[in-house]
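protein-v2.txt follows (compact mmCIF, C-alpha atoms and all ligand atoms):
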# COMPACT_ATOMS: atom_id res chain seq x y z
CA MET A 25 74.11 -33.12 -8.72
CA SER A 26 72.05 -30.00 -9.41
CA LEU A 27 69.83 -27.89 -7.25
CA ASP A 28 66.33 -27.43 -8.64
CA ALA A 29 65.63 -24.17 -6.82
CA PRO A 30 62.41 -22.24 -7.56
CA ARG A 31 62.95 -19.47 -10.10
CA HIS A 32 62.16 -15.96 -9.05
CA GLY A 33 63.32 -14.03 -12.09
CA CYS A 34 63.45 -10.36 -11.13
CA LEU A 35 61.06 -10.56 -8.17
CA ASP A 36 63.86 -9.73 -5.74
CA THR A 37 65.70 -7.25 -7.97
CA PRO A 38 65.96 -3.90 -6.16
CA ILE A 39 64.09 -1.16 -8.02
CA LEU A 40 66.02 1.97 -8.94
CA ARG A 41 63.58 4.81 -8.24
CA GLU A 42 64.26 8.16 -9.87
CA ARG A 43 62.44 11.48 -9.85
CA GLY A 44 63.46 14.29 -12.16
CA GLN A 45 62.86 15.63 -15.61
CA ARG A 46 60.89 13.15 -17.73
CA GLU A 47 60.27 12.85 -21.43
CA VAL A 48 56.79 11.44 -22.03
CA PHE A 49 53.52 12.41 -23.69
CA CYS A 50 50.53 13.41 -21.55
CA GLY A 51 47.35 11.39 -21.01
CA LEU A 52 45.44 13.21 -23.75
CA THR A 53 47.18 10.92 -26.24
CA GLY A 54 44.96 8.01 -25.16
CA ILE A 55 42.00 9.76 -26.81
CA VAL A 56 43.52 8.80 -30.16
CA TRP A 57 42.81 5.09 -29.64
CA LEU A 58 39.88 5.44 -27.21
CA HIS A 59 37.71 7.45 -29.61
CA ARG A 60 38.20 4.79 -32.28
CA LYS A 61 37.22 2.05 -29.84
CA MET A 62 34.13 3.65 -28.30
CA GLN A 63 32.01 4.39 -31.31
CA ASP A 64 29.37 6.58 -29.68
CA ALA A 65 31.66 8.51 -27.34
CA PHE A 66 32.93 12.06 -27.60
CA PHE A 67 36.05 13.30 -25.84
CA LEU A 68 35.92 16.99 -24.99
CA VAL A 69 39.27 18.23 -23.78
CA VAL A 70 38.97 21.29 -21.60
CA GLY A 71 42.31 22.81 -22.40
CA SER A 72 44.47 25.15 -24.43
CA ARG A 73 45.41 25.51 -28.08
CA THR A 74 48.48 23.39 -27.31
CA CYS A 75 46.20 20.51 -26.25
CA ALA A 76 44.13 20.95 -29.43
CA HIS A 77 47.28 20.85 -31.58
CA LEU A 78 48.61 17.76 -29.80
CA LEU A 79 45.36 15.89 -30.41
CA GLN A 80 44.95 17.06 -33.96
CA SER A 81 48.45 16.07 -34.97
CA ALA A 82 48.41 12.77 -33.07
CA ALA A 83 44.98 11.70 -34.34
CA GLY A 84 45.20 13.16 -37.83
CA VAL A 85 42.38 14.96 -39.59
CA MET A 86 39.25 12.95 -40.21
CA ILE A 87 37.91 13.88 -43.60
CA PHE A 88 34.91 11.63 -44.05
CA ALA A 89 33.51 11.46 -40.55
CA GLU A 90 32.49 13.98 -37.94
CA PRO A 91 35.29 13.91 -35.38
CA ARG A 92 34.54 12.45 -31.98
CA PHE A 93 36.99 14.53 -30.05
CA GLY A 94 37.46 18.25 -29.66
CA THR A 95 38.89 20.90 -27.39
CA ALA A 96 36.94 23.50 -25.45
CA ILE A 97 39.64 26.16 -25.52
CA LEU A 98 40.20 28.03 -22.30
CA GLU A 99 40.80 31.62 -23.41
CA GLU A 100 42.77 34.22 -21.50
CA LYS A 101 39.64 35.62 -19.86
CA ASP A 102 38.88 32.11 -18.49
CA LEU A 103 42.41 31.66 -17.23
CA ALA A 104 42.36 35.11 -15.63
CA GLY A 105 39.09 34.27 -13.88
CA LEU A 106 37.22 37.04 -15.73
CA ALA A 107 34.69 34.63 -17.23
CA ASP A 108 32.83 31.77 -15.56
CA ALA A 109 34.38 28.76 -17.26
CA ASN A 110 31.62 26.51 -15.89
CA VAL A 111 28.88 28.52 -17.59
CA GLU A 112 30.84 28.47 -20.86
CA LEU A 113 31.47 24.74 -20.56
CA ASP A 114 27.76 24.03 -20.01
CA ALA A 115 26.94 26.03 -23.14
CA VAL A 116 29.59 24.22 -25.23
CA VAL A 117 28.30 20.82 -24.07
CA ALA A 118 24.66 21.74 -24.73
CA ARG A 119 25.54 22.88 -28.28
CA LEU A 120 27.57 19.73 -28.92
CA ILE A 121 24.84 17.37 -27.71
CA ALA A 122 22.17 19.20 -29.70
CA ARG A 123 24.26 18.99 -32.88
CA ARG A 124 25.40 15.36 -32.38
CA PRO A 125 22.45 13.17 -31.33
CA ASP A 126 24.61 10.09 -32.05
CA ILE A 127 26.75 10.79 -28.97
CA ARG A 128 25.85 8.61 -25.97
CA GLN A 129 28.92 9.08 -23.77
CA LEU A 130 30.73 12.36 -23.27
CA PHE A 131 34.07 12.54 -21.52
CA LEU A 132 35.21 15.88 -20.11
CA VAL A 133 38.98 15.51 -20.18
CA GLY A 134 41.03 17.72 -17.86
CA SER A 135 44.32 19.22 -19.01
CA CYS A 136 47.18 21.25 -17.52
CA PRO A 137 45.33 24.58 -17.97
CA SER A 138 42.06 23.30 -16.48
CA GLU A 139 44.01 21.98 -13.52
CA VAL A 140 45.93 25.20 -13.04
CA ILE A 141 42.70 27.21 -12.78
CA LYS A 142 41.22 24.42 -10.63
CA LEU A 143 38.19 23.87 -12.84
CA ASP A 144 36.33 21.03 -11.11
CA LEU A 145 35.35 18.74 -14.00
CA SER A 146 33.90 16.02 -11.77
CA ARG A 147 31.35 18.51 -10.44
CA ALA A 148 30.76 19.74 -13.98
CA ALA A 149 30.07 16.15 -15.05
CA GLU A 150 27.56 15.71 -12.20
CA ARG A 151 25.81 18.95 -13.14
CA LEU A 152 25.74 18.08 -16.84
CA ASN A 153 24.50 14.55 -16.13
CA ALA A 154 21.52 16.05 -14.34
CA ALA A 155 20.75 17.98 -17.53
CA HIS A 156 21.54 15.40 -20.22
CA ALA A 157 21.27 11.85 -18.76
CA PRO A 158 20.03 9.28 -19.62
CA HIS A 159 20.39 10.18 -23.32
CA VAL A 160 24.05 11.05 -22.79
CA ARG A 161 26.14 9.83 -19.87
CA ILE A 162 28.83 12.34 -18.88
CA TYR A 163 32.12 11.39 -17.23
CA SER A 164 35.27 13.28 -16.37
CA TYR A 165 38.92 12.34 -16.02
CA SER A 166 42.30 14.00 -16.17
CA GLY A 167 44.66 13.68 -19.13
CA SER A 168 46.90 16.48 -17.91
CA GLY A 169 50.63 16.25 -18.40
CA ILE A 170 51.08 17.33 -14.77
CA GLU A 171 49.38 14.14 -13.58
CA THR A 172 49.54 11.55 -16.33
CA THR A 173 51.78 9.87 -18.88
CA PHE A 174 50.17 8.88 -22.13
CA THR A 175 48.85 5.42 -21.34
CA GLN A 176 47.49 6.64 -17.99
CA GLY A 177 44.86 8.53 -19.98
CA GLU A 178 43.18 5.21 -20.81
CA ASP A 179 43.44 4.10 -17.20
CA ALA A 180 41.86 7.33 -15.95
CA CYS A 181 39.10 7.08 -18.58
CA LEU A 182 38.16 3.47 -17.76
CA ALA A 183 38.43 4.06 -14.01
CA ALA A 184 35.98 6.97 -14.40
CA MET A 185 33.44 4.65 -16.04
CA VAL A 186 33.56 1.84 -13.46
CA PRO A 187 31.45 3.42 -10.67
CA SER A 188 28.46 3.85 -13.00
CA LEU A 189 28.55 0.39 -14.61
CA PRO A 190 25.30 -1.47 -13.81
CA ALA A 191 25.42 -3.89 -10.87
CA THR A 192 24.97 -7.63 -11.42
CA GLN A 193 25.21 -10.97 -9.64
CA GLU A 194 25.99 -12.72 -12.93
CA ALA A 195 29.13 -14.90 -13.00
CA ALA A 196 30.98 -13.52 -16.00
CA LEU A 197 34.42 -12.73 -17.31
CA LEU A 198 35.26 -9.07 -17.87
CA VAL A 199 38.17 -8.41 -20.23
CA VAL A 200 39.59 -4.96 -19.50
CA GLY A 201 41.56 -2.74 -21.88
CA ALA A 202 40.95 -1.03 -25.23
CA LEU A 203 42.14 -3.41 -27.93
CA PRO A 204 41.78 -2.92 -31.67
CA ASP A 205 38.50 -4.56 -32.77
CA VAL A 206 40.24 -7.27 -34.81
CA VAL A 207 42.38 -8.29 -31.81
CA GLU A 208 39.42 -8.19 -29.45
CA ASP A 209 37.51 -10.47 -31.83
CA GLN A 210 40.40 -12.96 -31.88
CA ALA A 211 40.48 -13.02 -28.06
CA LEU A 212 36.71 -13.49 -27.89
CA ALA A 213 36.90 -16.37 -30.39
CA LEU A 214 39.56 -18.12 -28.27
CA LEU A 215 37.54 -17.64 -25.07
CA ASP A 216 34.42 -18.90 -26.83
CA ALA A 217 36.26 -22.00 -28.08
CA LEU A 218 37.39 -22.64 -24.49
CA GLY A 219 33.77 -22.46 -23.36
CA VAL A 220 34.38 -19.41 -21.17
CA GLY A 221 31.43 -17.09 -20.91
CA PRO A 222 29.60 -14.88 -20.75
CA VAL A 223 32.41 -12.47 -21.64
CA ARG A 224 32.04 -8.71 -21.26
CA ILE A 225 34.42 -6.02 -22.42
CA LEU A 226 35.51 -2.74 -20.84
CA PRO A 227 35.39 -0.40 -22.71
CA SER A 228 32.51 -1.66 -24.82
CA ARG A 229 32.18 -0.44 -28.39
CA ARG A 230 28.84 1.22 -27.63
CA ALA A 231 27.27 2.58 -24.45
CA ALA A 232 24.29 0.22 -24.77
CA GLU A 233 26.67 -2.77 -24.51
CA ALA A 234 28.27 -1.54 -21.26
CA ALA A 235 29.41 -4.38 -18.98
CA SER A 236 27.70 -5.01 -15.66
CA VAL A 237 29.89 -5.71 -12.66
CA GLY A 238 29.51 -7.32 -9.25
CA PRO A 239 30.89 -9.87 -6.77
CA ASN A 240 30.71 -12.73 -9.26
CA THR A 241 32.63 -10.85 -11.96
CA ARG A 242 36.13 -12.15 -12.61
CA TYR A 243 38.16 -9.65 -14.56
CA ILE A 244 41.47 -9.81 -16.37
CA LEU A 245 43.56 -6.94 -17.73
CA THR A 246 44.96 -6.90 -21.24
CA GLN A 247 47.08 -3.81 -20.60
CA PRO A 248 49.58 -3.35 -17.80
CA PHE A 249 48.81 0.34 -17.26
CA LEU A 250 45.31 -0.12 -15.84
CA GLY A 251 46.08 0.04 -12.10
CA ASP A 252 43.41 2.61 -11.20
CA THR A 253 40.80 0.75 -13.25
CA ALA A 254 41.69 -2.47 -11.44
CA ALA A 255 41.34 -0.70 -8.07
CA ALA A 256 37.94 0.69 -9.12
CA LEU A 257 36.76 -2.79 -10.16
CA ASP A 258 38.01 -4.23 -6.86
CA ARG A 259 35.90 -1.65 -5.06
CA ARG A 260 32.86 -2.94 -6.98
CA GLY A 261 33.60 -6.43 -5.60
CA ALA A 262 34.97 -7.90 -8.85
CA ARG A 263 37.96 -10.24 -8.51
CA ARG A 264 41.06 -9.96 -10.66
CA ILE A 265 42.52 -12.98 -12.43
CA VAL A 266 46.28 -12.74 -11.91
CA ALA A 267 48.30 -13.44 -15.05
CA PRO A 268 51.13 -12.15 -17.21
CA PHE A 269 49.98 -9.94 -20.10
CA PRO A 270 49.05 -11.50 -23.47
CA PHE A 271 52.18 -10.53 -25.42
CA GLY A 272 53.89 -13.26 -27.41
CA GLU A 273 53.08 -16.95 -27.47
CA GLU A 274 54.05 -17.55 -23.86
CA GLY A 275 52.29 -14.48 -22.43
CA THR A 276 49.11 -15.27 -24.36
CA THR A 277 49.13 -18.91 -23.27
CA LEU A 278 49.67 -18.02 -19.60
CA TRP A 279 46.95 -15.34 -19.80
CA LEU A 280 44.48 -17.82 -21.31
CA GLU A 281 45.55 -20.53 -18.86
CA ALA A 282 44.76 -18.23 -15.91
CA VAL A 283 41.27 -17.61 -17.33
CA ALA A 284 40.83 -21.33 -18.07
CA ARG A 285 41.71 -22.19 -14.46
CA ALA A 286 39.25 -19.61 -13.10
CA PHE A 287 36.48 -21.05 -15.31
CA ASN A 288 37.38 -24.73 -14.83
CA VAL A 289 38.23 -25.46 -18.45
CA ALA A 290 39.54 -29.01 -18.92
CA GLU A 291 43.22 -29.27 -19.80
CA ALA A 292 42.51 -31.35 -22.90
CA ARG A 293 40.14 -28.70 -24.24
CA PHE A 294 42.67 -25.97 -23.50
CA ASP A 295 45.39 -27.85 -25.37
CA ALA A 296 43.12 -28.59 -28.33
CA VAL A 297 42.04 -24.93 -28.67
CA THR A 298 45.48 -23.38 -28.26
CA ALA A 299 47.75 -25.89 -30.05
CA ALA A 300 47.41 -24.49 -33.59
CA PRO A 301 47.59 -20.75 -32.77
CA ARG A 302 50.51 -21.44 -30.39
CA ALA A 303 52.40 -23.19 -33.14
CA ARG A 304 51.67 -20.33 -35.58
CA ALA A 305 52.82 -17.75 -33.03
CA ARG A 306 56.04 -19.67 -32.28
CA LYS A 307 56.84 -19.94 -35.95
CA ALA A 308 56.15 -16.26 -36.61
CA VAL A 309 58.28 -15.17 -33.64
CA ALA A 310 61.12 -17.49 -34.64
CA ALA A 311 61.30 -15.79 -38.05
CA GLN A 312 62.06 -12.48 -36.31
CA ALA A 313 64.09 -13.88 -33.40
CA ALA A 314 66.98 -14.69 -35.72
CA THR A 315 67.58 -10.91 -35.95
CA LEU A 316 66.98 -10.25 -32.27
CA ALA A 317 68.79 -13.12 -30.50
CA GLY A 318 71.79 -12.04 -28.44
CA LYS A 319 71.15 -8.31 -28.98
CA SER A 320 71.10 -6.02 -25.95
CA LEU A 321 68.10 -3.86 -25.16
CA PHE A 322 67.44 -0.71 -23.12
CA PHE A 323 63.97 0.61 -22.27
CA PHE A 324 63.43 4.24 -21.34
CA PRO A 325 60.19 4.64 -19.35
CA ASP A 326 57.22 5.49 -21.51
CA SER A 327 54.15 3.31 -21.97
CA GLN A 328 54.21 0.97 -18.91
CA LEU A 329 54.41 -1.89 -21.41
CA GLU A 330 58.16 -2.13 -20.77
CA LEU A 331 58.27 -5.06 -18.31
CA PRO A 332 55.96 -7.40 -20.27
CA LEU A 333 57.77 -6.55 -23.49
CA ALA A 334 61.19 -7.11 -21.92
CA ARG A 335 59.95 -10.49 -20.71
CA PHE A 336 58.73 -11.37 -24.23
CA LEU A 337 61.91 -10.17 -25.94
CA ALA A 338 64.17 -11.95 -23.44
CA ARG A 339 62.34 -15.26 -23.22
CA GLU A 340 60.94 -15.70 -26.73
CA CYS A 341 63.40 -13.72 -28.83
CA GLY A 342 66.67 -14.24 -26.93
CA MET A 343 67.40 -10.54 -26.34
CA ARG A 344 69.40 -9.27 -23.32
CA PRO A 345 67.60 -6.45 -21.47
CA LEU A 346 70.17 -4.17 -19.80
CA GLU A 347 67.77 -1.68 -18.25
CA VAL A 348 63.99 -1.81 -18.13
CA GLY A 349 62.63 1.61 -17.23
CA THR A 350 58.95 2.08 -16.50
CA PRO A 351 57.11 5.28 -15.50
CA PHE A 352 55.35 3.43 -12.65
CA LEU A 353 55.81 -0.05 -11.32
CA HIS A 354 52.49 -1.38 -10.09
CA ARG A 355 53.84 -4.25 -8.02
CA ALA A 356 50.61 -6.27 -7.74
CA LEU A 357 49.99 -6.19 -11.49
CA MET A 358 53.62 -6.80 -12.39
CA GLU A 359 54.51 -9.72 -10.10
CA PRO A 360 53.84 -12.40 -12.74
CA GLU A 361 56.00 -10.46 -15.21
CA LEU A 362 58.82 -9.90 -12.73
CA ALA A 363 58.79 -13.61 -11.90
CA LEU A 364 59.28 -14.49 -15.57
CA LEU A 365 61.82 -11.82 -16.56
CA PRO A 366 65.30 -13.40 -16.39
CA GLU A 367 67.60 -11.87 -13.77
CA GLY A 368 70.12 -9.33 -14.95
CA PRO A 369 68.65 -5.98 -16.03
CA VAL A 370 68.47 -2.83 -13.93
CA ILE A 371 64.78 -2.18 -13.27
CA SER A 372 64.06 1.51 -12.87
CA GLU A 373 60.87 3.36 -12.01
CA GLY A 374 60.28 7.04 -12.82
CA GLN A 375 62.90 9.04 -14.62
CA ASP A 376 65.76 11.46 -14.23
CA VAL A 377 66.48 11.66 -17.92
CA ASP A 378 70.07 12.97 -17.69
CA LEU A 379 71.16 10.22 -15.30
CA GLN A 380 69.44 7.62 -17.44
CA LEU A 381 71.06 8.92 -20.61
CA ASP A 382 74.44 8.61 -18.85
CA ARG A 383 73.75 4.95 -18.02
CA HIS A 384 72.57 4.39 -21.57
CA ALA A 385 75.76 5.91 -23.01
CA VAL A 386 77.90 3.61 -20.86
CA GLN A 387 75.97 0.50 -21.87
CA SER A 388 75.51 1.42 -25.52
CA PRO A 389 72.76 -1.16 -26.20
CA ASP A 390 72.04 -2.65 -29.62
CA LEU A 391 68.43 -1.44 -29.44
CA THR A 392 66.83 1.37 -27.42
CA VAL A 393 63.08 1.69 -26.87
CA CYS A 394 62.11 5.27 -26.06
CA GLY A 395 59.73 8.14 -26.70
CA LEU A 396 59.85 10.38 -29.76
CA GLY A 397 61.71 13.13 -27.92
CA LEU A 398 64.70 10.90 -27.22
CA ALA A 399 64.65 8.81 -30.39
CA ASN A 400 65.99 11.45 -32.79
CA PRO A 401 69.01 12.53 -30.72
CA LEU A 402 69.83 8.89 -29.92
CA GLU A 403 69.59 7.93 -33.61
CA ALA A 404 71.85 10.88 -34.44
CA ALA A 405 74.31 9.56 -31.87
CA GLY A 406 74.38 6.22 -33.70
CA HIS A 407 71.88 4.14 -31.67
CA ALA A 408 69.12 1.99 -33.17
CA THR A 409 65.81 3.02 -31.60
CA LYS A 410 62.20 1.90 -31.48
CA TRP A 411 59.47 4.48 -30.75
CA ALA A 412 57.52 3.27 -27.75
CA ILE A 413 54.33 5.01 -28.95
CA GLU A 414 54.12 2.63 -31.93
CA LEU A 415 53.52 -0.17 -29.44
CA VAL A 416 50.20 1.28 -28.40
CA PHE A 417 49.06 2.18 -31.91
CA THR A 418 49.88 -1.22 -33.44
CA PRO A 419 47.92 -4.45 -32.81
CA VAL A 420 50.40 -6.44 -30.67
CA HIS A 421 48.34 -8.64 -28.30
CA PHE A 422 47.58 -12.39 -28.50
CA TYR A 423 48.84 -15.18 -30.73
CA GLU A 424 48.22 -13.81 -34.21
CA GLN A 425 50.14 -10.60 -33.51
CA ALA A 426 53.16 -12.21 -31.77
CA GLY A 427 55.24 -12.27 -34.96
CA ASP A 428 54.36 -8.62 -35.74
CA LEU A 429 55.32 -7.65 -32.20
CA ALA A 430 58.77 -9.22 -32.57
CA GLY A 431 58.99 -7.65 -36.04
CA LEU A 432 58.55 -4.16 -34.59
CA PHE A 433 61.83 -4.63 -32.71
CA ALA A 434 63.64 -6.49 -35.49
CA ARG A 435 62.97 -3.80 -38.12
CA PRO A 436 65.25 -1.06 -36.76
CA LEU A 437 68.07 -3.60 -36.36
CA ARG A 438 67.62 -4.89 -39.92
CA ARG A 439 67.49 -1.37 -41.29
CA ARG A 440 70.71 -0.46 -39.51
CA SER A 441 72.37 -3.61 -40.74
CA LEU A 442 71.29 -2.87 -44.32
CA LEU A 443 72.52 0.71 -44.10
CA ALA A 444 75.85 -0.60 -42.83
CA GLY A 445 76.01 -2.90 -45.85
CA GLY A 446 75.46 -6.11 -43.85
CA ALA A 447 73.00 -8.94 -44.44
CA ALA A 448 69.37 -8.19 -43.57
FE1 LIG A 501 50.36 19.99 -23.11
FE2 LIG A 501 49.24 19.67 -20.71
FE3 LIG A 501 47.69 20.03 -22.88
FE4 LIG A 501 49.03 17.72 -22.56
S1 LIG A 501 47.40 18.51 -21.23
S2 LIG A 501 48.90 18.94 -24.44
S3 LIG A 501 50.93 18.44 -21.55
S4 LIG A 501 49.15 21.52 -22.00
Please render this file's structure as structure tokens.
Ligand code: SF4
Amino acid sequence: MSLDAPRHGCLDTPILRERGQREVFCGLTGIVWLHRKMQDAFFLVVGSRTCAHLLQSAAGVMIFAEPRFGTAILEEKDLAGLADANVELDAVVARLIARRPDIRQLFLVGSCPSEVIKLDLSRAAERLNAAHAPHVRIYSYSGSGIETTFTQGEDACLAAMVPSLPATQEAALLVVGALPDVVEDQALALLDALGVGPVRILPSRRAAEAASVGPNTRYILTQPFLGDTAAALDRRGARRIVAPFPFGEEGTTLWLEAVARAFNVAEARFDAVTAAPRARARKAVAAQAATLAGKSLFFFPDSQLELPLARFLARECGMRPLEVGTPFLHRALMEPELALLPEGPVISEGQDVDLQLDRHAVQSPDLTVCGLGLANPLEAAGHATKWAIELVFTPVHFYEQAGDLAGLFARPLRRRSLLAGGAA
């Protein structure tokens, strides 16, 4: 006799909450992928030379195109209150807009220095909108390291856009999250084949294609770090479709299934549309899972992708998560993931890096996912690591990327095995 009890995964696992020193990038990093996505936007960081260097080194130097990000450097006289930073900012923005008529959206991005001198960028955006709208729409958000980790920059940016999206009564699907164009196109093709539509995207590639939003909008997130954006959409009356995130074959299928249910897609049509890409994804993951199966895994908190990825690596690749650390655990967004993640790992929120390193040393996992700052010392200590930041710069969502996603985790293990003289 067996008991067929409902499975709760990690829903009831107590969360280890820690506050202390943390090792993560700030929210300015999001500009690197956001400026590529939004083709007529400009991101103006109001910050220091440190902020400018971070952006320049993270985004690389663009040789053939005019860059669509920059830093208005706060000089010592601004920081000392000897100059009116607002007047200077207005002049910088006016020069920029005059020189770049292609810009339709301008984001004033706050930083640690602008926060320290309490420069009110939301009021600056209002003032500048009065001068430059409707040709250029001006928004503000914070990417400061005091307030944000790196993926929160995207959340803050999208949340800042939501209040000014046009209102509509149209019944539509809004897909939320900045995906690489090729991945977004794959998702749109699947939704089209399912007969779901109209489909809008936030953020849109161009300002003129901005989504409208209203009480008949159903929205679904593609990224788990978009809690503030979701709250802003809720305030506009849109309703969220609850689903796991589209990582791996299973995550993608459950994500699409949730949309299909909300839009009354017949089961037979769903099966017909998804059968072939599901099979391709399973096959591609299986090729990598041979390396990953049975290996233990430890996530330091970084991108907020940790829980969905742990679920994918445990359920589709046979890995054993020992600790899944996340900078923030947004319970409402993460419930479907927690329900699927097999019981066992410590789930931690926030970070006290020394305590976490102690736990890591005791457990000595086969693979560690962490930020750049921890990866080098951990590699030097003999651990195989995966840089979490690669996960946001690499196309990893939906069926066609499932094999590549598994491959990102298999590669460091294969490399280590090769270096040790074992079989790849
Ligand atoms: Fe550094 Fe803060 Fe600027 Fe980020 S916003 S680069 S943490 S000074």
Taking all atoms listed in the file into account, which residues are within 12 Å of ligand LIG 501 (chain A), as a ChimeraX atom specification? /A:46-55,69-82,95-98,133-140,165-174,177
Between A:Arg335, A:Leu329, A:Glu340, A:Ala405, which one has atoms that come closest to Val393 in chain A, using all atoms listed in the file?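 Among A:Arg335, A:Leu329, A:Glu340, A:Ala405, it is A:Leu329 that comes nearest to Val393 in chain A.
Between CA of Asn288 in chain A and CA of Gly221 in chain A lies a distance of 11.4 Å.
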Neighbours of point (44.1, -19.0, -16.0) within 12 Å, using only C-alpha atoms, written as a tab-separated table (two decimals) with C-alpha atoms, in the coordinates of the input:
chain	number	residue	atom	x	y	z
A	197	LEU	CA	34.42	-12.73	-17.31
A	215	LEU	CA	37.54	-17.64	-25.07
A	218	LEU	CA	37.39	-22.64	-24.49
A	220	VAL	CA	34.38	-19.41	-21.17
A	242	ARG	CA	36.13	-12.15	-12.61
A	243	TYR	CA	38.16	-9.65	-14.56
A	244	ILE	CA	41.47	-9.81	-16.37
A	264	ARG	CA	41.06	-9.96	-10.66
A	265	ILE	CA	42.52	-12.98	-12.43
A	266	VAL	CA	46.28	-12.74	-11.91
A	267	ALA	CA	48.30	-13.44	-15.05
A	268	PRO	CA	51.13	-12.15	-17.21
A	269	PHE	CA	49.98	-9.94	-20.10
A	270	PRO	CA	49.05	-11.50	-23.47
A	275	GLY	CA	52.29	-14.48	-22.43
A	276	THR	CA	49.11	-15.27	-24.36
A	277	THR	CA	49.13	-18.91	-23.27
A	278	LEU	CA	49.67	-18.02	-19.60
A	279	TRP	CA	46.95	-15.34	-19.80
A	280	LEU	CA	44.48	-17.82	-21.31
A	281	GLU	CA	45.55	-20.53	-18.86
A	282	ALA	CA	44.76	-18.23	-15.91
A	283	VAL	CA	41.27	-17.61	-17.33
A	284	ALA	CA	40.83	-21.33	-18.07
A	285	ARG	CA	41.71	-22.19	-14.46
A	286	ALA	CA	39.25	-19.61	-13.10
A	287	PHE	CA	36.48	-21.05	-15.31
A	288	ASN	CA	37.38	-24.73	-14.83
A	289	VAL	CA	38.23	-25.46	-18.45
A	290	ALA	CA	39.54	-29.01	-18.92
A	291	GLU	CA	43.22	-29.27	-19.80
A	294	PHE	CA	42.67	-25.97	-23.50
Which is closer to Val223 in chain A than all the others in A:Phe352, A:Asp209, A:Leu398, A:Leu189, using all atoms listed in the file?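 Nearest to Val223 in chain A: A:Asp209.
Excluding Arg355 in chain A and any residue on its chain fewer than 5 positions from it, the residues at most 10 Å away by only C-alpha atoms are Leu35, Gly251, Pro360, Glu361 and Leu362 of chain A.
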So that all listed atoms of range 309-323 of chain A fit with 8 Å spare on each side, what axis-aligned box centre and edge lengths in Å, to one decimal, would you give as AutoDock Vina command-line options?
--center_x 65.0 --center_y -8.4 --center_z -30.2 --size_x 29.5 --size_y 34.1 --size_z 31.8
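Considering the residues A:Leu68, A:Val200, A:Leu40, A:Leu346 and counting only C-alpha atoms, Pro248 in chain A has its shortest atom-to-atom contact with A:Val200.
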For Val56 in chain A, list every protein, DNA or RNA residue within 12 Å, evaluated using all atoms listed in the file, and leave out those in the same chain fewer than 5 positions away; present the list as a PyMOL selection string. chain A and resi 51+61-62+66-67+78-86+91-94+174-175+177-178+202+204+413+416-417
Env of Glu330 in chain A: 8 Å cut, atoms = all atoms listed in the file, seq-sep filter 6 positions within chain, self excluded. Answer as an MDAnalysis selection string. chainID A and resid 323 348:350
Can you pull out every residue within 12 Å of Cys394 in chain A, counting all atoms listed in the file, but drop anything in the same chain fewer than 3 positions away, and send it as a ChimeraX atom specification? /A:46-49,321-330,347-351,377,380-381,384,391,397-403,407-415,433
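One distance worth recording is that between CA of Glu359 in chain A and CA of Gly427 in chain A, which is 25.0 Å.
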Nearest-residue call for Ala338 in chain A, choices A:Pro369, A:Pro239, A:Gly44, A:Gly395, using all atoms listed in the file: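 That would be A:Pro369, the residue with the smallest distance to Ala338 in chain A.
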Set the distance at 8 Å and use all atoms listed in the file: which residues neighbour Asp252 in chain A once local chain neighbours fewer than 6 positions away are removed? I'd like the list as a list in words. Asp179, Ala180 and Ala183 of chain A
Using only C-alpha atoms, find the one residue out of A:Asp390, A:Arg43, A:Ser372, A:His159 that sits nearest to Arg344 in chain A.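 Result for the nearest residue to Arg344 in chain A: A:Asp390.
Note that CA of Leu331 in chain A and CA of Glu373 in chain A are 10.8 Å apart.
The closest residue to Ala430 in chain A, picked from A:Cys341, A:Ala356, A:Ile371, A:Pro389 and counting only C-alpha atoms, is A:Cys341.
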Between range 191-263 of chain A and range 117-127 of chain A, at 12 Å or less, what are the per-residue closest atom pairs and their distances in Å? Count all atoms listed in the file, order by chain and rising residue number, and return it as JSON lines.
{"residue": "A:Arg230", "atom": "CA", "partner": "A:Ile127", "partner_atom": "CA", "distance": 9.9}
{"residue": "A:Ala231", "atom": "CA", "partner": "A:Ile127", "partner_atom": "CA", "distance": 9.4}
{"residue": "A:Ala232", "atom": "CA", "partner": "A:Ile127", "partner_atom": "CA", "distance": 11.6}
